[in-house]
$ cat structure-v3.cif   # mmCIF, C-alpha atoms and all ligand atoms
data_final
loop_
_atom_site.label_atom_id
_atom_site.label_comp_id
_atom_site.auth_asym_id
_atom_site.auth_seq_id
_atom_site.Cartn_x
_atom_site.Cartn_y
_atom_site.Cartn_z
CA MET A 1 100.43 93.59 66.20
CA ILE A 2 99.64 93.12 69.88
CA SER A 3 97.73 95.82 71.73
CA ILE A 4 98.55 96.33 75.41
CA ILE A 5 96.37 98.67 77.45
CA GLN A 6 97.86 100.16 80.63
CA ILE A 7 95.39 101.29 83.28
CA THR A 8 96.84 102.83 86.41
CA ASP A 9 96.07 104.28 89.83
CA PRO A 10 92.29 103.84 89.93
CA HIS A 11 92.27 104.53 93.73
CA LEU A 12 88.99 102.65 94.15
CA THR A 13 86.99 102.94 97.36
CA ARG A 14 84.49 100.95 99.41
CA HIS A 15 81.58 103.29 98.63
CA LYS A 16 80.94 104.08 95.01
CA ASN A 17 80.25 107.79 95.47
CA THR A 18 83.32 108.62 97.57
CA GLU A 19 85.22 111.59 96.15
CA ILE A 20 88.99 111.93 96.38
CA LYS A 21 90.41 115.27 95.29
CA SER A 22 86.99 116.12 93.77
CA CYS A 23 86.89 112.90 91.72
CA LYS A 24 84.50 109.99 92.15
CA THR A 25 87.23 107.46 91.54
CA ASN A 26 85.05 104.37 91.08
CA SER A 27 82.91 105.93 88.36
CA SER A 28 85.93 107.55 86.69
CA PHE A 29 87.54 104.10 86.49
CA GLU A 30 84.36 102.69 84.91
CA ARG A 31 84.24 105.53 82.38
CA VAL A 32 87.84 104.97 81.34
CA LEU A 33 87.29 101.24 80.91
CA GLN A 34 84.09 101.79 78.91
CA ASN A 35 86.08 104.01 76.60
CA VAL A 36 88.78 101.36 76.23
CA VAL A 37 86.20 98.68 75.43
CA SER A 38 84.45 100.89 72.86
CA ASN A 39 87.56 102.11 71.07
CA GLU A 40 90.48 99.74 71.46
CA GLN A 41 91.74 96.37 70.43
CA ILE A 42 92.65 94.74 73.75
CA ASP A 43 95.05 91.82 73.83
CA PHE A 44 96.35 92.32 77.37
CA ILE A 45 95.71 94.79 80.22
CA ILE A 46 98.33 95.97 82.72
CA VAL A 47 97.01 97.58 85.91
CA SER A 48 100.01 99.26 87.49
CA GLY A 49 99.07 99.82 91.11
CA ASP A 50 97.13 101.92 93.59
CA ILE A 51 94.18 99.81 92.55
CA SER A 52 92.49 100.64 95.84
CA ASP A 53 92.71 103.89 97.75
CA ASP A 54 91.32 102.65 101.07
CA GLY A 55 92.61 99.07 100.72
CA SER A 56 89.10 97.73 101.36
CA ARG A 57 87.92 94.30 100.38
CA GLU A 58 84.91 95.91 98.66
CA SER A 59 87.15 98.01 96.43
CA TYR A 60 89.01 94.89 95.25
CA GLN A 61 85.72 93.08 94.67
CA PHE A 62 84.54 95.98 92.48
CA TYR A 63 87.87 95.93 90.62
CA LYS A 64 87.70 92.16 90.10
CA ASN A 65 84.11 92.25 88.85
CA THR A 66 84.89 95.10 86.45
CA LEU A 67 88.09 93.63 85.01
CA GLU A 68 86.71 90.10 84.71
CA SER A 69 83.65 91.39 82.85
CA LEU A 70 86.01 92.43 80.02
CA LYS A 71 87.06 88.81 79.47
CA LYS A 72 90.61 89.81 78.59
CA PRO A 73 93.85 88.71 80.29
CA PHE A 74 95.17 91.19 82.84
CA VAL A 75 97.87 91.52 85.49
CA SER A 76 97.51 93.46 88.75
CA ILE A 77 100.63 95.14 90.15
CA PRO A 78 100.49 96.61 93.69
CA GLY A 79 101.10 100.25 94.62
CA ASN A 80 101.68 102.03 97.90
CA HIS A 81 97.95 102.37 98.59
CA ASP A 82 97.16 98.69 98.10
CA ASN A 83 96.34 96.21 100.85
CA LYS A 84 97.85 92.86 99.99
CA ASP A 85 95.75 90.90 102.50
CA ASN A 86 92.46 92.20 101.15
CA PHE A 87 93.56 91.72 97.53
CA LYS A 88 94.33 88.10 98.41
CA LEU A 89 90.99 87.60 100.14
CA VAL A 90 89.20 88.65 96.95
CA PHE A 91 91.47 87.08 94.31
CA GLN A 92 92.53 84.00 96.30
CA LYS A 93 96.11 84.73 95.29
CA ASP A 94 98.85 87.23 96.11
CA PHE A 95 99.92 90.14 93.99
CA PRO A 96 102.90 88.80 92.04
CA ASN A 97 106.23 89.86 93.59
CA ILE A 98 107.76 89.44 90.14
CA SER A 99 106.24 87.82 87.09
CA CYS A 100 107.22 87.10 83.52
CA ILE A 101 104.26 86.91 81.16
CA PRO A 102 104.59 85.81 77.53
CA LEU A 103 102.62 88.14 75.27
CA SER A 104 103.59 86.49 71.96
CA ASP A 105 106.47 84.55 70.42
CA GLU A 106 108.40 87.82 70.20
CA TRP A 107 107.33 89.79 73.28
CA GLY A 108 107.22 89.32 77.03
CA LEU A 109 106.24 91.41 80.05
CA ILE A 110 108.08 91.46 83.39
CA THR A 111 106.20 92.96 86.33
CA LEU A 112 107.83 93.97 89.61
CA ASP A 113 106.22 94.77 92.96
CA SER A 114 108.05 97.90 94.13
CA SER A 115 105.73 98.58 97.09
CA VAL A 116 106.99 98.64 100.69
CA ASP A 117 104.61 98.17 103.63
CA ASP A 118 103.56 101.46 105.24
CA GLU A 119 105.73 103.56 102.94
CA GLU A 120 104.81 105.80 100.04
CA GLY A 121 108.11 105.39 98.21
CA GLY A 122 109.19 102.13 96.59
CA VAL A 123 112.14 99.73 96.61
CA LEU A 124 113.12 96.69 94.58
CA THR A 125 114.83 94.08 96.73
CA ASP A 126 118.19 92.56 95.79
CA LYS A 127 116.34 89.30 95.21
CA GLN A 128 113.92 90.93 92.78
CA ILE A 129 116.79 92.58 90.89
CA LYS A 130 118.61 89.24 90.64
CA THR A 131 115.45 87.41 89.52
CA ALA A 132 114.74 90.12 86.94
CA GLN A 133 118.28 89.78 85.63
CA ASP A 134 117.86 86.01 85.34
CA LEU A 135 114.52 86.44 83.54
CA ILE A 136 115.98 88.94 81.09
CA GLU A 137 118.91 86.68 80.35
CA ALA A 138 116.61 83.66 79.94
CA SER A 139 114.36 85.50 77.49
CA LEU A 140 116.69 84.71 74.64
CA HIS A 141 114.50 85.59 71.70
CA LYS A 142 112.01 87.90 73.34
CA ASN A 143 111.74 91.63 73.46
CA LEU A 144 110.66 92.81 76.89
CA ILE A 145 108.53 95.46 78.53
CA LEU A 146 109.03 96.02 82.27
CA CYS A 147 106.32 97.44 84.50
CA LEU A 148 106.33 98.57 88.15
CA HIS A 149 104.36 101.08 90.24
CA HIS A 150 107.06 103.58 91.29
CA GLN A 151 108.93 105.80 88.86
CA PRO A 152 112.48 104.56 88.16
CA ILE A 153 113.62 107.96 86.88
CA ASN A 154 113.02 111.45 88.23
CA MET A 155 109.94 113.26 86.95
CA GLY A 156 111.06 116.75 87.99
CA PHE A 157 108.34 117.49 90.54
CA TRP A 158 107.41 116.77 94.16
CA ILE A 159 106.50 113.11 93.49
CA ASP A 160 110.23 112.35 93.15
CA GLU A 161 110.47 112.35 96.96
CA ILE A 162 108.42 109.16 96.93
CA GLY A 163 109.71 107.40 93.80
CA LEU A 164 111.73 104.23 93.51
CA GLN A 165 114.50 104.57 96.11
CA ASN A 166 117.05 102.36 94.31
CA LYS A 167 116.67 103.81 90.83
CA ASP A 168 120.36 103.42 90.03
CA GLN A 169 120.36 99.72 90.81
CA PHE A 170 117.32 99.20 88.57
CA LEU A 171 118.75 101.29 85.73
CA SER A 172 122.09 99.51 85.79
CA LEU A 173 120.20 96.23 85.49
CA ILE A 174 118.44 97.21 82.26
CA LEU A 175 120.37 99.92 80.44
CA ASP A 176 122.78 97.54 78.71
CA GLN A 177 120.10 94.96 77.90
CA PRO A 178 119.12 95.30 74.23
CA LYS A 179 116.09 93.06 74.72
CA VAL A 180 114.48 95.55 77.12
CA LYS A 181 112.51 97.90 74.88
CA ALA A 182 110.35 99.84 77.36
CA VAL A 183 109.70 100.53 81.03
CA VAL A 184 106.28 101.77 82.12
CA TRP A 185 104.96 102.80 85.53
CA GLY A 186 102.09 104.41 87.45
CA HIS A 187 102.15 106.32 90.79
CA VAL A 188 102.86 109.75 89.31
CA HIS A 189 99.33 110.36 87.86
CA HIS A 190 101.06 112.16 85.02
CA GLU A 191 101.98 111.53 81.37
CA TYR A 192 105.68 111.45 80.61
CA GLN A 193 107.91 109.88 77.99
CA THR A 194 111.66 109.86 77.42
CA THR A 195 114.37 107.61 75.99
CA LEU A 196 117.50 106.44 77.82
CA GLY A 197 119.87 104.45 75.65
CA SER A 198 117.51 102.53 73.40
CA ILE A 199 114.80 102.08 76.06
CA LEU A 200 111.55 104.00 76.11
CA PHE A 201 110.56 105.17 79.62
CA MET A 202 106.96 106.24 80.15
CA SER A 203 104.40 107.10 82.79
CA THR A 204 100.68 107.18 82.37
CA PRO A 205 97.76 109.27 83.63
CA SER A 206 95.63 107.87 86.41
CA THR A 207 92.06 106.81 85.71
CA CYS A 208 91.02 109.42 88.32
CA TYR A 209 92.77 112.67 89.40
CA GLN A 210 96.06 113.90 87.97
CA PHE A 211 99.08 115.38 89.73
CA GLY A 212 100.68 118.66 88.80
CA GLU A 213 104.00 120.18 89.57
CA ASP A 214 102.66 121.93 92.67
CA GLU A 215 101.52 119.45 95.31
CA THR A 216 98.74 121.75 96.51
CA ASN A 217 97.26 122.24 93.03
CA GLN A 218 96.29 119.14 91.22
CA SER A 219 96.52 119.20 87.47
CA ARG A 220 93.40 119.89 85.42
CA GLN A 221 94.39 117.16 82.98
CA LYS A 222 91.73 114.54 82.31
CA PRO A 223 91.82 110.87 83.32
CA GLY A 224 93.29 108.52 80.78
CA TYR A 225 95.07 105.33 79.83
CA ARG A 226 97.98 104.27 77.63
CA LYS A 227 97.98 101.96 74.65
CA ILE A 228 101.19 100.21 73.59
CA TYR A 229 101.30 98.47 70.22
CA LEU A 230 103.96 95.78 69.84
CA TYR A 231 105.27 94.79 66.42
CA ASP A 232 107.81 92.36 65.01
CA LEU A 233 111.55 93.09 65.26
CA GLY A 234 111.14 94.79 68.65
CA LYS A 235 109.29 97.83 67.33
CA LEU A 236 106.63 99.49 69.43
CA THR A 237 104.43 102.56 69.34
CA THR A 238 102.53 104.14 72.20
CA GLN A 239 99.91 106.78 72.86
CA VAL A 240 98.06 108.21 75.86
CA VAL A 241 94.31 108.66 75.48
CA ARG A 242 92.41 111.12 77.71
CA ILE A 243 88.74 110.82 78.59
CA ASN A 244 86.46 113.85 78.85
FE FE B 301 98.31 106.69 92.86
FE FE B 302 101.26 105.33 94.25
#
$ encode --input "structure-v3.cif" --output "structure tokens" --more "lines below"
Ligand SMILES: [Fe+2]
Ligand SMILES: [Fe+2]
Amino acid sequence: MISIIQITDPHLTRHKNTEIKSCKTNSSFERVLQNVVSNEQIDFIIVSGDISDDGSRESYQFYKNTLESLKKPFVSIPGNHDNKDNFKLVFQKDFPNISCIPLSDEWGLITLDSSVDDEEGGVLTDKQIKTAQDLIEASLHKNLILCLHHQPINMGFWIDEIGLQNKDQFLSLILDQPKVKAVVWGHVHHEYQTTLGSILFMSTPSTCYQFGEDETNQSRQKPGYRKIYLYDLGKLTTQVVRIN
């Protein structure tokens, strides 16, 4: 069994005590990660965007120091709040536009950058869609999980105004691909799970504040993370864990 931990939307800031929507996001992120380290098997960590809230270099340095201290492999996917130049200054590399990461002989992860400069909503370019299609077709014997920041299906509340703009194009890419077992995203600060065809679609709570159905009232739900356990024969199980 392989244990994937998804962390999303930390919204880190330059100053460690800055509060966003009544949450000290840096310390909430640390608390969530401490809980992961204490309680979980970690084989791979996915961080699915809005890593920084203010896009500052300091926020990425804090993120890098924290993640690297875990000594586990991780991938960083950008969200609409992220600043690609400052991420690159700290990591000495770009956020991946698209990446295909082997997790085992049986499983692989494809990440997609759905962010668009100066826009809250997301788009996948025709080139990304084509590359993803090529990667799926080349992954002959692998089951796949896909991860991006923006939601590729409607969630049923205000956040849908700023979801993935070309949902239909993305869905038609994957829905007839039996190797694609799951799609997971961030951005919505909200737990959700559904199945379309044979693919599990799921969103994950932020490590800081949560969104509710009314934009003016944020949800009282706690911060959290998602664990995804991958088994042979394309089987997987998943669970969201909340932190008090
Ligand atoms: Fe976010
Ligand atoms: Fe976002």
$ residues_around --input "structure-v3.cif" --residues "Tyr231 in chain A" --least-positions-apart "4" --cutoff "12 Å" --atoms "all atoms listed in the file" --output "PyMOL selection string"
chain A and resi 1-4+103-107+142-144+181+235-238
$ closest_residue --input "structure-v3.cif" --among "A:Thr131, A:Ser22, A:Asn97, A:Asn80" --to "Asp118 in chain A" --atoms "all atoms listed in the file"
A:Asn80
$ residues_around --input "structure-v3.cif" --residues "Ser48 in chain A" --least-positions-apart "3" --cutoff "6 Å" --atoms "all atoms listed in the file" --output "count of residues only"
4
$ closest_residue --input "structure-v3.cif" --among "A:Leu200, A:Leu124, A:Val75, A:Val188" --to "ligand FE 302 (chain B)" --atoms "all atoms listed in the file"
A:Val188
$ closest_residue --input "structure-v3.cif" --among "A:Ser59, A:Thr25, A:Asn244, A:Gln133" --to "ligand FE 301 (chain B)" --atoms "all atoms listed in the file"
A:Thr25
$ residues_near_ligand --input "structure-v3.cif" --ligand "ligand FE 302 (chain B)" --cutoff "6 Å" --atoms "all atoms listed in the file" --output "PDB file with C-alpha atoms, in the coordinates of the input"
ATOM      1  CA  ASP A  50      97.130 101.920  93.590  1.00  0.00           C
ATOM      2  CA  GLY A  79     101.100 100.250  94.620  1.00  0.00           C
ATOM      3  CA  ASN A  80     101.680 102.030  97.900  1.00  0.00           C
ATOM      4  CA  HIS A 187     102.150 106.320  90.790  1.00  0.00           C
TER       5      HIS A 187
END
$ residues_near_ligand --input "structure-v3.cif" --ligand "ligand FE 301 (chain B)" --cutoff "12 Å" --atoms "all atoms listed in the file" --output "MDAnalysis selection string"
chainID A and resid 7:12 20:21 25 47:54 78:82 115 120:121 149:151 159 162:163 185:190 203:211
$ write_last_selection --input "structure-v3.cif" --atoms "C-alpha atoms" --output "short mmCIF file (atom, residue, chain, number, x, y, z; two decimals), in the frame of the given file"
data_model
loop_
_atom_site.label_atom_id
_atom_site.label_comp_id
_atom_site.auth_asym_id
_atom_site.auth_seq_id
_atom_site.Cartn_x
_atom_site.Cartn_y
_atom_site.Cartn_z
CA ILE A 7 95.39 101.29 83.28
CA THR A 8 96.84 102.83 86.41
CA ASP A 9 96.07 104.28 89.83
CA PRO A 10 92.29 103.84 89.93
CA HIS A 11 92.27 104.53 93.73
CA LEU A 12 88.99 102.65 94.15
CA ILE A 20 88.99 111.93 96.38
CA LYS A 21 90.41 115.27 95.29
CA THR A 25 87.23 107.46 91.54
CA VAL A 47 97.01 97.58 85.91
CA SER A 48 100.01 99.26 87.49
CA GLY A 49 99.07 99.82 91.11
CA ASP A 50 97.13 101.92 93.59
CA ILE A 51 94.18 99.81 92.55
CA SER A 52 92.49 100.64 95.84
CA ASP A 53 92.71 103.89 97.75
CA ASP A 54 91.32 102.65 101.07
CA PRO A 78 100.49 96.61 93.69
CA GLY A 79 101.10 100.25 94.62
CA ASN A 80 101.68 102.03 97.90
CA HIS A 81 97.95 102.37 98.59
CA ASP A 82 97.16 98.69 98.10
CA SER A 115 105.73 98.58 97.09
CA GLU A 120 104.81 105.80 100.04
CA GLY A 121 108.11 105.39 98.21
CA HIS A 149 104.36 101.08 90.24
CA HIS A 150 107.06 103.58 91.29
CA GLN A 151 108.93 105.80 88.86
CA ILE A 159 106.50 113.11 93.49
CA ILE A 162 108.42 109.16 96.93
CA GLY A 163 109.71 107.40 93.80
CA TRP A 185 104.96 102.80 85.53
CA GLY A 186 102.09 104.41 87.45
CA HIS A 187 102.15 106.32 90.79
CA VAL A 188 102.86 109.75 89.31
CA HIS A 189 99.33 110.36 87.86
CA HIS A 190 101.06 112.16 85.02
CA SER A 203 104.40 107.10 82.79
CA THR A 204 100.68 107.18 82.37
CA PRO A 205 97.76 109.27 83.63
CA SER A 206 95.63 107.87 86.41
CA THR A 207 92.06 106.81 85.71
CA CYS A 208 91.02 109.42 88.32
CA TYR A 209 92.77 112.67 89.40
CA GLN A 210 96.06 113.90 87.97
CA PHE A 211 99.08 115.38 89.73
#
$ closest_residue --input "structure-v3.cif" --among "A:Arg14, A:Trp158, A:Leu173, A:Val116" --to "Gln218 in chain A" --atoms "all atoms listed in the file"
A:Trp158
$ closest_residue --input "structure-v3.cif" --among "A:Val180, A:Ile228, A:Ile199, A:Leu175" --to "Asp43 in chain A" --atoms "all atoms listed in the file"
A:Ile228
$ residues_around --input "structure-v3.cif" --residues "Leu70 in chain A" --least-positions-apart "4" --cutoff "12 Å" --atoms "only C-alpha atoms" --output "VMD selection string"
chain A and resid 30 33 to 34 36 to 38 41 to 45 63 to 66 74
$ atom_distance --input "structure-v3.cif" --atom1 "CA of Arg57 in chain A" --atom2 "CA of His15 in chain A"
11.1 Å
$ atom_distance --input "structure-v3.cif" --atom1 "CA of Ile145 in chain A" --atom2 "CA of Gln165 in chain A"
20.7 Å
$ atom_distance --input "structure-v3.cif" --atom1 "CA of Phe170 in chain A" --atom2 "CA of Gly197 in chain A"
14.2 Å
$ closest_residue --input "structure-v3.cif" --among "A:Val183, A:Cys147, A:Val241, A:Leu230" --to "Ile98 in chain A" --atoms "only C-alpha atoms"
A:Cys147
